[in-house]
file entry-v8.txt (compact mmCIF, C-alpha atoms)
# COMPACT_ATOMS: atom_id res chain seq x y z
CA MET A 1384 -77.25 24.44 40.97
CA VAL A 1385 -77.66 21.76 38.28
CA LYS A 1386 -75.57 23.86 35.89
CA LYS A 1387 -72.87 24.11 38.51
CA TYR A 1388 -72.73 20.31 38.93
CA ALA A 1389 -72.79 19.82 35.15
CA ALA A 1390 -69.87 22.23 34.76
CA VAL A 1391 -67.85 20.48 37.49
CA GLY A 1392 -68.63 17.12 35.88
CA ALA A 1393 -67.57 18.36 32.44
CA VAL A 1394 -64.30 19.69 33.83
CA LEU A 1395 -63.62 16.38 35.59
CA VAL A 1396 -64.34 14.41 32.38
CA ALA A 1397 -62.06 16.75 30.41
CA VAL A 1398 -59.25 16.34 32.95
CA VAL A 1399 -59.60 12.54 32.86
CA LEU A 1400 -59.59 12.53 29.03
CA VAL A 1401 -56.49 14.73 28.87
CA MET A 1402 -54.73 12.56 31.45
CA ALA A 1403 -55.68 9.40 29.55
CA PHE A 1404 -54.85 10.49 26.02
CA TYR A 1405 -52.30 13.32 26.17
CA PRO A 1406 -49.34 12.09 24.10
CA THR A 1407 -46.62 12.01 26.74
CA GLU A 1408 -43.19 10.60 25.87
CA GLU A 1409 -44.08 7.46 27.83
CA ARG A 1410 -47.23 6.95 25.75
CA LYS A 1411 -45.25 7.44 22.54
CA ILE A 1412 -42.78 4.76 23.63
CA ARG A 1413 -45.61 2.44 24.65
CA LYS A 1414 -47.18 2.92 21.21
CA LEU A 1415 -43.84 2.25 19.50
CA LEU A 1416 -43.44 -1.04 21.37
CA ARG A 1417 -47.05 -2.02 20.65
CA ASP A 1418 -46.67 -1.19 16.95
CA THR A 1419 -43.39 -3.10 16.79
CA ALA A 1420 -45.08 -6.19 18.24
CA GLY A 1421 -47.84 -5.80 15.62
CA TRP A 1422 -45.26 -5.42 12.84
CA ALA A 1423 -43.45 -8.55 13.99
CA SER A 1424 -46.66 -10.62 14.06
CA LYS A 1425 -48.08 -12.66 11.24
CA GLU A 1426 -51.48 -14.34 11.21
CA GLY A 1427 -50.86 -16.52 8.16
CA GLY A 1428 -51.99 -16.32 4.58
CA GLU A 1429 -49.91 -13.24 3.77
CA ASN A 1430 -48.18 -13.25 0.43
CA PRO A 1431 -44.40 -12.84 0.11
CA VAL A 1432 -44.75 -9.44 -1.57
CA ALA A 1433 -46.71 -8.04 1.37
CA ILE A 1434 -44.13 -9.46 3.78
CA ALA A 1435 -41.28 -7.96 1.77
CA ALA A 1436 -43.04 -4.59 1.82
CA ARG A 1437 -43.53 -4.84 5.58
CA SER A 1438 -39.89 -5.70 6.12
CA LYS A 1439 -38.98 -2.28 4.66
CA LYS A 1440 -40.77 -0.62 7.57
CA ALA A 1441 -38.14 -1.78 10.05
CA ASN A 1442 -36.63 1.73 10.17
CA ARG A 1443 -39.92 3.01 11.64
CA PHE A 1444 -39.26 0.95 14.73
CA PHE A 1445 -35.52 0.45 15.01
CA ALA A 1446 -32.54 2.80 15.28
CA PRO A 1447 -29.79 2.47 12.62
CA GLU A 1448 -27.81 0.30 15.06
CA VAL A 1449 -29.53 -2.13 17.42
CA ASP A 1450 -27.62 -3.93 20.18
CA LEU A 1451 -29.09 -7.41 20.50
CA ALA A 1452 -28.33 -9.71 23.44
CA VAL A 1453 -29.84 -13.09 24.27
CA GLU A 1454 -28.50 -14.12 27.68
CA LYS A 1455 -29.60 -17.76 27.46
CA ILE A 1456 -27.34 -18.51 24.50
CA GLY A 1457 -24.68 -15.90 25.23
CA LEU A 1458 -25.39 -13.96 22.04
CA GLU A 1459 -24.34 -10.31 21.90
CA ARG A 1460 -24.10 -8.43 18.63
CA SER A 1461 -24.92 -5.20 16.91
CA LEU A 1462 -27.44 -5.23 14.07
CA SER A 1463 -28.06 -2.70 11.33
CA VAL A 1464 -31.59 -2.00 10.11
CA ASP A 1465 -30.70 -4.05 7.00
CA ASP A 1466 -29.84 -6.98 9.26
CA VAL A 1467 -33.20 -6.57 11.01
CA GLU A 1468 -34.99 -6.56 7.64
CA ARG A 1469 -33.17 -9.68 6.49
CA GLY A 1470 -33.87 -11.49 9.77
CA TYR A 1471 -37.52 -10.48 9.55
CA LEU A 1472 -37.82 -11.88 6.01
CA VAL A 1473 -36.19 -15.19 6.94
CA LEU A 1474 -38.43 -15.57 10.01
CA MET A 1475 -41.64 -14.68 8.19
CA ARG A 1476 -40.85 -17.08 5.36
CA GLN A 1477 -40.25 -19.90 7.84
CA LYS A 1478 -43.28 -19.36 10.05
CA THR A 1479 -46.89 -19.71 8.99
CA VAL A 1480 -48.09 -18.01 12.17
CA PHE A 1481 -46.01 -15.72 14.37
CA LYS A 1482 -47.64 -13.74 17.15
CA VAL A 1483 -45.85 -11.33 19.45
CA LYS A 1484 -47.67 -9.88 22.45
CA LEU A 1485 -46.41 -7.56 25.16
CA ALA A 1486 -47.47 -7.52 28.79
CA ASP A 1487 -46.34 -5.66 31.91
CA VAL A 1488 -44.61 -2.90 29.98
CA GLY A 1489 -42.64 -0.61 32.29
CA ILE A 1490 -40.94 2.51 30.93
CA GLU A 1491 -38.32 4.72 32.51
CA LYS A 1492 -36.90 7.90 31.00
CA THR A 1493 -33.14 7.95 31.47
CA GLY A 1494 -32.54 11.28 29.74
CA ASP A 1495 -34.18 13.81 27.41
CA GLU A 1496 -33.64 11.56 24.43
CA ALA A 1497 -33.11 8.19 26.04
CA ALA A 1498 -35.29 5.70 27.84
CA SER A 1499 -35.37 2.09 28.87
CA ALA A 1500 -38.30 -0.29 28.97
CA GLU A 1501 -39.01 -3.73 30.34
CA ALA A 1502 -41.75 -6.06 29.20
CA THR A 1503 -42.86 -9.65 29.23
CA VAL A 1504 -42.91 -10.79 25.61
CA LEU A 1505 -45.08 -13.72 24.59
CA VAL A 1506 -44.27 -15.37 21.30
CA GLU A 1507 -46.41 -18.03 19.66
CA SER A 1508 -45.38 -19.54 16.37
CA GLU A 1509 -46.31 -22.30 13.96
CA GLY A 1510 -44.43 -23.71 11.02
CA GLY A 1511 -40.74 -23.78 10.30
CA GLY A 1512 -40.43 -27.54 10.45
CA GLY A 1513 -41.37 -27.93 14.09
CA GLU A 1514 -44.38 -28.10 16.35
CA GLY A 1515 -46.12 -24.95 17.46
CA LEU A 1516 -43.98 -23.08 19.95
CA SER A 1517 -45.04 -20.85 22.81
CA ASN A 1518 -42.41 -18.83 24.56
CA VAL A 1519 -42.40 -16.28 27.36
CA ASN A 1520 -39.43 -13.99 27.95
CA GLU A 1521 -38.52 -10.93 29.92
CA VAL A 1522 -37.06 -8.38 27.54
CA ALA A 1523 -35.32 -5.09 28.26
CA PHE A 1524 -35.38 -2.43 25.54
CA GLY A 1525 -33.08 0.53 25.04
CA LEU A 1526 -34.74 3.48 23.30
CA HIS A 1527 -33.46 6.67 21.73
CA LYS A 1528 -35.30 9.67 20.41
CA GLY A 1529 -34.17 11.03 17.06
CA GLU A 1530 -35.64 13.48 14.55
CA GLU A 1531 -38.30 10.98 13.54
CA GLY A 1532 -39.28 10.07 17.08
CA TRP A 1533 -38.49 7.17 19.39
CA ARG A 1534 -36.68 4.13 18.03
CA ILE A 1535 -35.55 0.85 19.61
CA SER A 1536 -31.76 0.80 19.95
CA GLY A 1537 -31.26 -2.18 22.22
CA ILE A 1538 -32.94 -5.51 22.92
CA ARG A 1539 -31.81 -7.79 25.74
CA VAL A 1540 -33.66 -11.07 26.26
CA ARG A 1541 -33.08 -11.87 29.92
CA GLU A 1542 -32.59 -15.33 31.30
CA VAL A 1543 -35.11 -15.58 34.13
CA LEU A 1544 -34.41 -19.26 34.80
CA GLU A 1545 -30.65 -19.60 34.61
CA ARG A 1546 -29.40 -22.98 33.46
CA MET B 351 -92.56 -6.44 53.53
CA ASN B 352 -93.57 -9.30 51.23
CA ALA B 353 -91.12 -11.64 49.50
CA SER B 354 -91.13 -9.87 46.13
CA ALA B 355 -90.46 -6.54 47.79
CA VAL B 356 -87.54 -8.05 49.70
CA TRP B 357 -86.07 -9.43 46.46
CA LYS B 358 -86.62 -6.16 44.65
CA ASN B 359 -84.92 -4.27 47.48
CA PHE B 360 -82.03 -6.78 47.45
CA LEU B 361 -81.49 -6.72 43.69
CA PHE B 362 -82.25 -3.05 43.06
CA PRO B 363 -81.52 -1.18 46.30
CA ARG B 364 -81.86 2.56 46.56
CA LEU B 365 -78.55 4.20 45.81
CA THR B 366 -78.00 5.96 49.10
CA PRO B 367 -74.59 7.49 49.95
CA ARG B 368 -74.14 4.79 52.60
CA LEU B 369 -74.67 2.01 50.03
CA LEU B 370 -72.30 3.66 47.53
CA LEU B 371 -69.64 3.94 50.24
CA ARG B 372 -70.04 0.26 51.13
CA MET B 373 -69.84 -0.73 47.47
CA ALA B 374 -66.66 1.31 47.04
CA ALA B 375 -65.15 -0.25 50.18
CA VAL B 376 -65.94 -3.80 48.98
CA ALA B 377 -64.54 -3.06 45.50
CA THR B 378 -61.33 -1.58 46.94
CA ALA B 379 -60.86 -4.43 49.42
CA SER B 380 -61.44 -7.04 46.68
CA SER B 381 -58.99 -5.33 44.31
CA LEU B 382 -56.30 -5.15 46.99
CA LEU B 383 -56.93 -8.76 48.06
CA PHE B 384 -56.74 -10.19 44.55
CA TYR B 385 -53.81 -8.00 43.46
CA PHE B 386 -51.50 -8.22 46.47
CA VAL B 387 -52.49 -11.31 48.45
CA LEU B 388 -54.39 -13.95 46.49
CA VAL B 389 -53.21 -13.59 42.91
CA PRO B 390 -55.45 -15.46 40.44
CA VAL B 391 -53.67 -17.20 37.56
CA ARG B 392 -54.96 -19.04 34.53
CA LEU B 393 -52.46 -21.65 33.40
CA LYS B 394 -51.39 -21.56 29.77
CA GLY B 395 -49.14 -24.36 28.62
CA ARG B 396 -48.41 -27.92 29.64
CA SER B 397 -45.14 -27.65 31.54
CA MET B 398 -46.81 -28.48 34.90
CA GLU B 399 -48.84 -31.47 33.70
CA PRO B 400 -49.95 -33.88 35.10
CA THR B 401 -50.25 -31.82 38.33
CA LEU B 402 -51.82 -28.74 36.72
CA ARG B 403 -53.83 -28.78 33.53
CA ASP B 404 -53.63 -26.31 30.68
CA GLY B 405 -56.37 -23.71 31.09
CA SER B 406 -57.01 -24.36 34.79
CA LEU B 407 -57.52 -21.53 37.27
CA HIS B 408 -55.41 -21.25 40.43
CA PHE B 409 -54.46 -18.80 43.16
CA ILE B 410 -51.02 -17.83 44.40
CA PHE B 411 -50.73 -16.74 48.02
CA ALA B 412 -48.28 -13.85 47.97
CA GLY B 413 -47.76 -14.01 51.74
CA SER B 414 -46.41 -17.58 51.70
CA TYR B 415 -42.78 -16.66 52.02
CA VAL B 416 -42.89 -13.62 54.25
CA PHE B 417 -41.65 -15.61 57.26
CA SER B 418 -40.19 -18.68 55.55
CA ASP B 419 -38.37 -19.73 52.39
CA PRO B 420 -39.73 -21.85 49.56
CA ARG B 421 -39.25 -25.56 50.23
CA PRO B 422 -38.57 -28.40 47.78
CA GLY B 423 -41.88 -29.62 46.42
CA ASP B 424 -43.60 -26.21 46.53
CA VAL B 425 -45.20 -25.01 43.30
CA VAL B 426 -44.38 -21.31 43.04
CA GLY B 427 -45.23 -18.34 40.84
CA ILE B 428 -42.22 -16.66 39.24
CA ARG B 429 -42.45 -13.03 38.21
CA LEU B 430 -41.12 -11.80 34.88
CA ALA B 431 -41.39 -8.08 34.02
CA GLY B 432 -44.57 -7.69 36.06
CA ARG B 433 -47.48 -9.58 37.54
CA ARG B 434 -49.72 -10.17 34.52
CA VAL B 435 -47.67 -13.02 33.09
CA ILE B 436 -45.91 -15.37 35.49
CA LEU B 437 -44.27 -18.79 35.32
CA LEU B 438 -45.46 -21.69 37.48
CA LYS B 439 -42.71 -24.14 38.44
CA ARG B 440 -41.84 -26.56 41.21
CA VAL B 441 -38.94 -25.91 43.58
CA VAL B 442 -36.61 -28.91 43.70
CA ALA B 443 -33.51 -27.51 45.40
CA ALA B 444 -32.42 -24.48 47.41
CA GLY B 445 -29.30 -22.31 47.65
CA GLY B 446 -26.12 -24.17 48.59
CA GLU B 447 -27.37 -27.50 47.25
CA THR B 448 -26.17 -29.13 44.05
CA VAL B 449 -28.68 -30.42 41.55
CA SER B 450 -28.45 -32.66 38.52
CA PHE B 451 -30.48 -35.08 36.40
CA ARG B 452 -29.13 -38.51 35.46
CA ASP B 453 -31.22 -40.59 33.07
CA GLY B 454 -34.31 -38.71 34.20
CA VAL B 455 -33.68 -39.04 37.94
CA LEU B 456 -33.31 -35.88 40.02
CA PHE B 457 -30.18 -35.83 42.17
CA VAL B 458 -29.71 -33.31 44.97
CA ASP B 459 -26.31 -33.13 46.68
CA GLY B 460 -25.31 -36.26 44.80
CA LYS B 461 -28.20 -38.40 46.08
CA PRO B 462 -31.33 -39.36 44.15
CA ARG B 463 -34.32 -37.44 45.46
CA ALA B 464 -37.66 -39.22 45.68
CA GLU B 465 -40.15 -36.80 44.23
CA LYS B 466 -43.45 -37.21 46.08
CA TYR B 467 -45.54 -35.55 43.42
CA PRO B 468 -46.57 -36.72 39.97
CA VAL B 469 -43.96 -36.12 37.29
CA THR B 470 -43.77 -37.58 33.82
CA GLU B 471 -40.93 -39.96 33.07
CA CYS B 472 -37.97 -38.68 31.14
CA ASP B 473 -34.41 -39.45 30.15
CA TRP B 474 -32.96 -36.04 30.98
CA ASN B 475 -29.30 -35.59 31.72
CA TYR B 476 -28.17 -32.33 33.23
CA PRO B 477 -24.72 -31.70 34.71
CA GLU B 478 -24.29 -30.96 38.39
CA ARG B 479 -24.95 -27.33 39.27
CA LYS B 480 -24.43 -25.65 42.63
CA ILE B 481 -27.27 -23.31 43.48
CA GLY B 482 -26.19 -19.84 44.55
CA PRO B 483 -27.09 -18.53 48.01
CA GLY B 484 -30.62 -17.15 48.17
CA ASN B 485 -31.55 -18.82 44.89
CA PHE B 486 -33.78 -21.79 44.12
CA PHE B 487 -33.81 -24.39 41.37
CA VAL B 488 -37.19 -24.86 39.72
CA VAL B 489 -38.48 -27.39 37.18
CA GLY B 490 -41.86 -28.19 35.66
CA ASP B 491 -43.55 -31.54 36.33
CA ASN B 492 -43.97 -32.34 32.64
CA ARG B 493 -40.60 -33.75 31.69
CA SER B 494 -41.83 -35.68 28.69
CA VAL B 495 -40.52 -32.97 26.38
CA PRO B 496 -36.84 -32.84 25.37
CA ILE B 497 -34.77 -31.03 27.98
CA GLU B 498 -33.88 -28.21 25.58
CA HIS B 499 -37.59 -27.39 25.12
CA HIS B 500 -38.36 -27.20 28.84
CA ASP B 501 -37.91 -23.99 30.82
CA PHE B 502 -36.16 -24.73 34.10
CA GLY B 503 -33.23 -23.43 36.07
CA GLU B 504 -32.01 -21.29 38.92
CA VAL B 505 -34.06 -18.31 39.99
CA PRO B 506 -33.39 -15.66 42.66
CA ALA B 507 -35.79 -15.55 45.61
CA LYS B 508 -36.88 -12.00 44.74
CA ARG B 509 -38.60 -13.32 41.60
CA ILE B 510 -40.71 -15.82 43.54
CA MET B 511 -44.13 -14.24 44.11
CA GLY B 512 -45.61 -16.89 46.35
CA LYS B 513 -46.86 -20.44 46.65
CA LEU B 514 -49.63 -21.95 44.60
CA LEU B 515 -52.58 -22.53 46.92
CA TRP B 516 -54.66 -24.81 44.69
call {"tool": "encode", "arguments": {"input": "entry-v8.txt", "output": "structure tokens"}}
result
Amino acid sequence: MVKKYAAVGAVLVAVVLVMAFYPTEERKIRKLLRDTAGWASKEGGENPVAIAARSKKANRFFAPEVDLAVEKIGLERSLSVDDVERGYLVLMRQKTVFKVKLADVGIEKTGDEAASAEATVLVESEGGGGEGLSNVNEVAFGLHKGEEGWRISGIRVREVLER
Amino acid sequence: MNASAVWKNFLFPRLTPRLLLRMAAVATASSLLFYFVLVPVRLKGRSMEPTLRDGSLHFIFAGSYVFSDPRPGDVVGIRLAGRRVILLKRVVAAGGETVSFRDGVLFVDGKPRAEKYPVTECDWNYPERKIGPGNFFVVGDNRSVPIEHHDFGEVPAKRIMGKLLW
């Protein structure tokens, strides 16, 4: 009887573990977004060489062309990975601390190799000639799956409070 | 039963099926209550000072606007992508009204509005804007920062989660 209960318990634990850790497409996208936020964050004290080396990893997170839109300022443009790298370097040189955190990530598959995601993005920064800034935005991501996995192909910073 | 036995039974009760069922029912009811009805929020930031302090704990009543609309003066929770991070702002005007700031004074429909809640003084100027139907205009109480550094504006009703209780 005890063996029977132990076996049922083991099966339940195994099912829960598989459900929790099986690498579904949604989990891969979630990991990509989490890793991108980590890549874009800087705690301070990093030397320029390390930052330059990190900037070269942009192609691990972004598609060759990224459509960027910031509704609040009416910005809409297409960026290459080189543009992303350059922007990253400029930002990281300006800021002593730059933290990006994601919350409320929602993912929807829109096709076999396409998906969209929404998240609340919290940005805290210090340095760059101003006071410390804390910013909260709702961001929509476009995602495409290529040979090397999922990449971000679109970023739209939504204007929640419209001026 | 002596006092120590009562305490022991209270703190370390026997795990009977009935007790486990009651514990599960209380846990489920609490989770539903604090997720869907009374949403706890910890304030981060100073945009609602002096009314609400950075780091303070509050509750939003999600049922506030089931039968009525937000009213000017209400402090409301505004949803972004989900419920974990929300904005707290004060409603100052509703759909159909026009709103503006002139030298720090709030004008609604062309008339200065006496704000009966504590706000910091400012010298903001903001051109007249007509609020769309079903939308609300929200601002923080801390207007001591330059207008370009303060998050405020028009928000659709569907983003308003509820009213701040305390």
call {"tool": "atom_distance", "arguments": {"input": "entry-v8.txt", "atom1": "atom CA of A:Trp1422", "atom2": "atom CA of A:Val1519"}}
result
18.4 Å
call {"tool": "interface_residues", "arguments": {"input": "entry-v8.txt", "of": "chain A", "to": "chain B", "cutoff": "6 Å", "atoms": "only C-alpha atoms", "output": "ChimeraX atom specification"}}
result
/A:1487,1502-1503,1521,1544-1546
call {"tool": "residues_near_point", "arguments": {"input": "entry-v8.txt", "point": "(-32.1, -9.0, 27.4)", "cutoff": "6 Å", "atoms": "all atoms listed in the file", "output": "JSON, numbers by chain"}}
result
{"A": [1452, 1453, 1522, 1523, 1538, 1539, 1540, 1541]}
call {"tool": "atom_distance", "arguments": {"input": "entry-v8.txt", "atom1": "atom CA of A:Phe1444", "atom2": "atom CA of A:Arg1534"}}
result
5.3 Å
call {"tool": "closest_residue", "arguments": {"input": "entry-v8.txt", "among": "A:Ile1535, A:Leu1458, A:Val1399, A:Val1385", "to": "A:Glu1496", "atoms": "all atoms listed in the file"}}
result
A:Ile1535
call {"tool": "atom_distance", "arguments": {"input": "entry-v8.txt", "atom1": "atom CA of A:Gly1529", "atom2": "atom CA of A:Lys1425"}}
result
28.1 Å
call {"tool": "residues_around", "arguments": {"input": "entry-v8.txt", "residues": "B:Thr470", "least_positions_apart": "2", "cutoff": "12 Å", "atoms": "all atoms listed in the file", "output": "PDB file with C-alpha atoms, in the frame of the given file"}}
result
ATOM      1  CA  ARG B 396     -48.410 -27.920  29.640  1.00  0.00           C
ATOM      2  CA  SER B 397     -45.140 -27.650  31.540  1.00  0.00           C
ATOM      3  CA  MET B 398     -46.810 -28.480  34.900  1.00  0.00           C
ATOM      4  CA  GLU B 399     -48.840 -31.470  33.700  1.00  0.00           C
ATOM      5  CA  PRO B 400     -49.950 -33.880  35.100  1.00  0.00           C
ATOM      6  CA  THR B 401     -50.250 -31.820  38.330  1.00  0.00           C
ATOM      7  CA  GLY B 454     -34.310 -38.710  34.200  1.00  0.00           C
ATOM      8  CA  VAL B 455     -33.680 -39.040  37.940  1.00  0.00           C
ATOM      9  CA  GLU B 465     -40.150 -36.800  44.230  1.00  0.00           C
ATOM     10  CA  TYR B 467     -45.540 -35.550  43.420  1.00  0.00           C
ATOM     11  CA  PRO B 468     -46.570 -36.720  39.970  1.00  0.00           C
ATOM     12  CA  CYS B 472     -37.970 -38.680  31.140  1.00  0.00           C
ATOM     13  CA  ASP B 473     -34.410 -39.450  30.150  1.00  0.00           C
ATOM     14  CA  TRP B 474     -32.960 -36.040  30.980  1.00  0.00           C
ATOM     15  CA  VAL B 489     -38.480 -27.390  37.180  1.00  0.00           C
ATOM     16  CA  GLY B 490     -41.860 -28.190  35.660  1.00  0.00           C
ATOM     17  CA  ASP B 491     -43.550 -31.540  36.330  1.00  0.00           C
ATOM     18  CA  ASN B 492     -43.970 -32.340  32.640  1.00  0.00           C
ATOM     19  CA  ARG B 493     -40.600 -33.750  31.690  1.00  0.00           C
ATOM     20  CA  SER B 494     -41.830 -35.680  28.690  1.00  0.00           C
ATOM     21  CA  VAL B 495     -40.520 -32.970  26.380  1.00  0.00           C
ATOM     22  CA  PRO B 496     -36.840 -32.840  25.370  1.00  0.00           C
TER      23      PRO B 496
END
call {"tool": "closest_residue", "arguments": {"input": "entry-v8.txt", "among": "B:Ala412, B:Val442, B:Ile481, B:Val425", "to": "B:Ala464", "atoms": "only C-alpha atoms"}}
result
B:Val442
call {"tool": "closest_residue", "arguments": {"input": "entry-v8.txt", "among": "B:Lys480, B:Arg440, B:Gly445, B:Tyr415", "to": "B:Gly460", "atoms": "all atoms listed in the file"}}
result
B:Lys480
call {"tool": "closest_residue", "arguments": {"input": "entry-v8.txt", "among": "A:Glu1468, A:Glu1530, A:Glu1501, A:Asp1450", "to": "A:Ala1423", "atoms": "all atoms listed in the file"}}
result
A:Glu1468
call {"tool": "residues_around", "arguments": {"input": "entry-v8.txt", "residues": "A:Met1475", "least_positions_apart": "2", "cutoff": "9 Å", "atoms": "all atoms listed in the file", "output": "VMD selection string"}}
result
chain A and resid 1423 to 1425 1431 1434 1470 to 1473 1477 to 1481
call {"tool": "residues_around", "arguments": {"input": "entry-v8.txt", "residues": "A:Ala1420", "least_positions_apart": "5", "cutoff": "8 Å", "atoms": "only C-alpha atoms", "output": "ChimeraX atom specification"}}
result
/A:1483-1485
call {"tool": "closest_residue", "arguments": {"input": "entry-v8.txt", "among": "A:Ile1412, A:Val1467, A:Leu1462, A:Ala1486", "to": "A:Ser1499", "atoms": "all atoms listed in the file"}}
result
A:Ile1412
call {"tool": "residues_around", "arguments": {"input": "entry-v8.txt", "residues": "A:Arg1413", "least_positions_apart": "5", "cutoff": "9 Å", "atoms": "all atoms listed in the file", "output": "VMD selection string"}}
result
chain A and resid 1408 1418 1488 to 1490 1500
call {"tool": "closest_residue", "arguments": {"input": "entry-v8.txt", "among": "B:Lys439, B:Lys461, B:Arg372, B:Arg403", "to": "B:Pro422", "atoms": "all atoms listed in the file"}}
result
B:Lys439
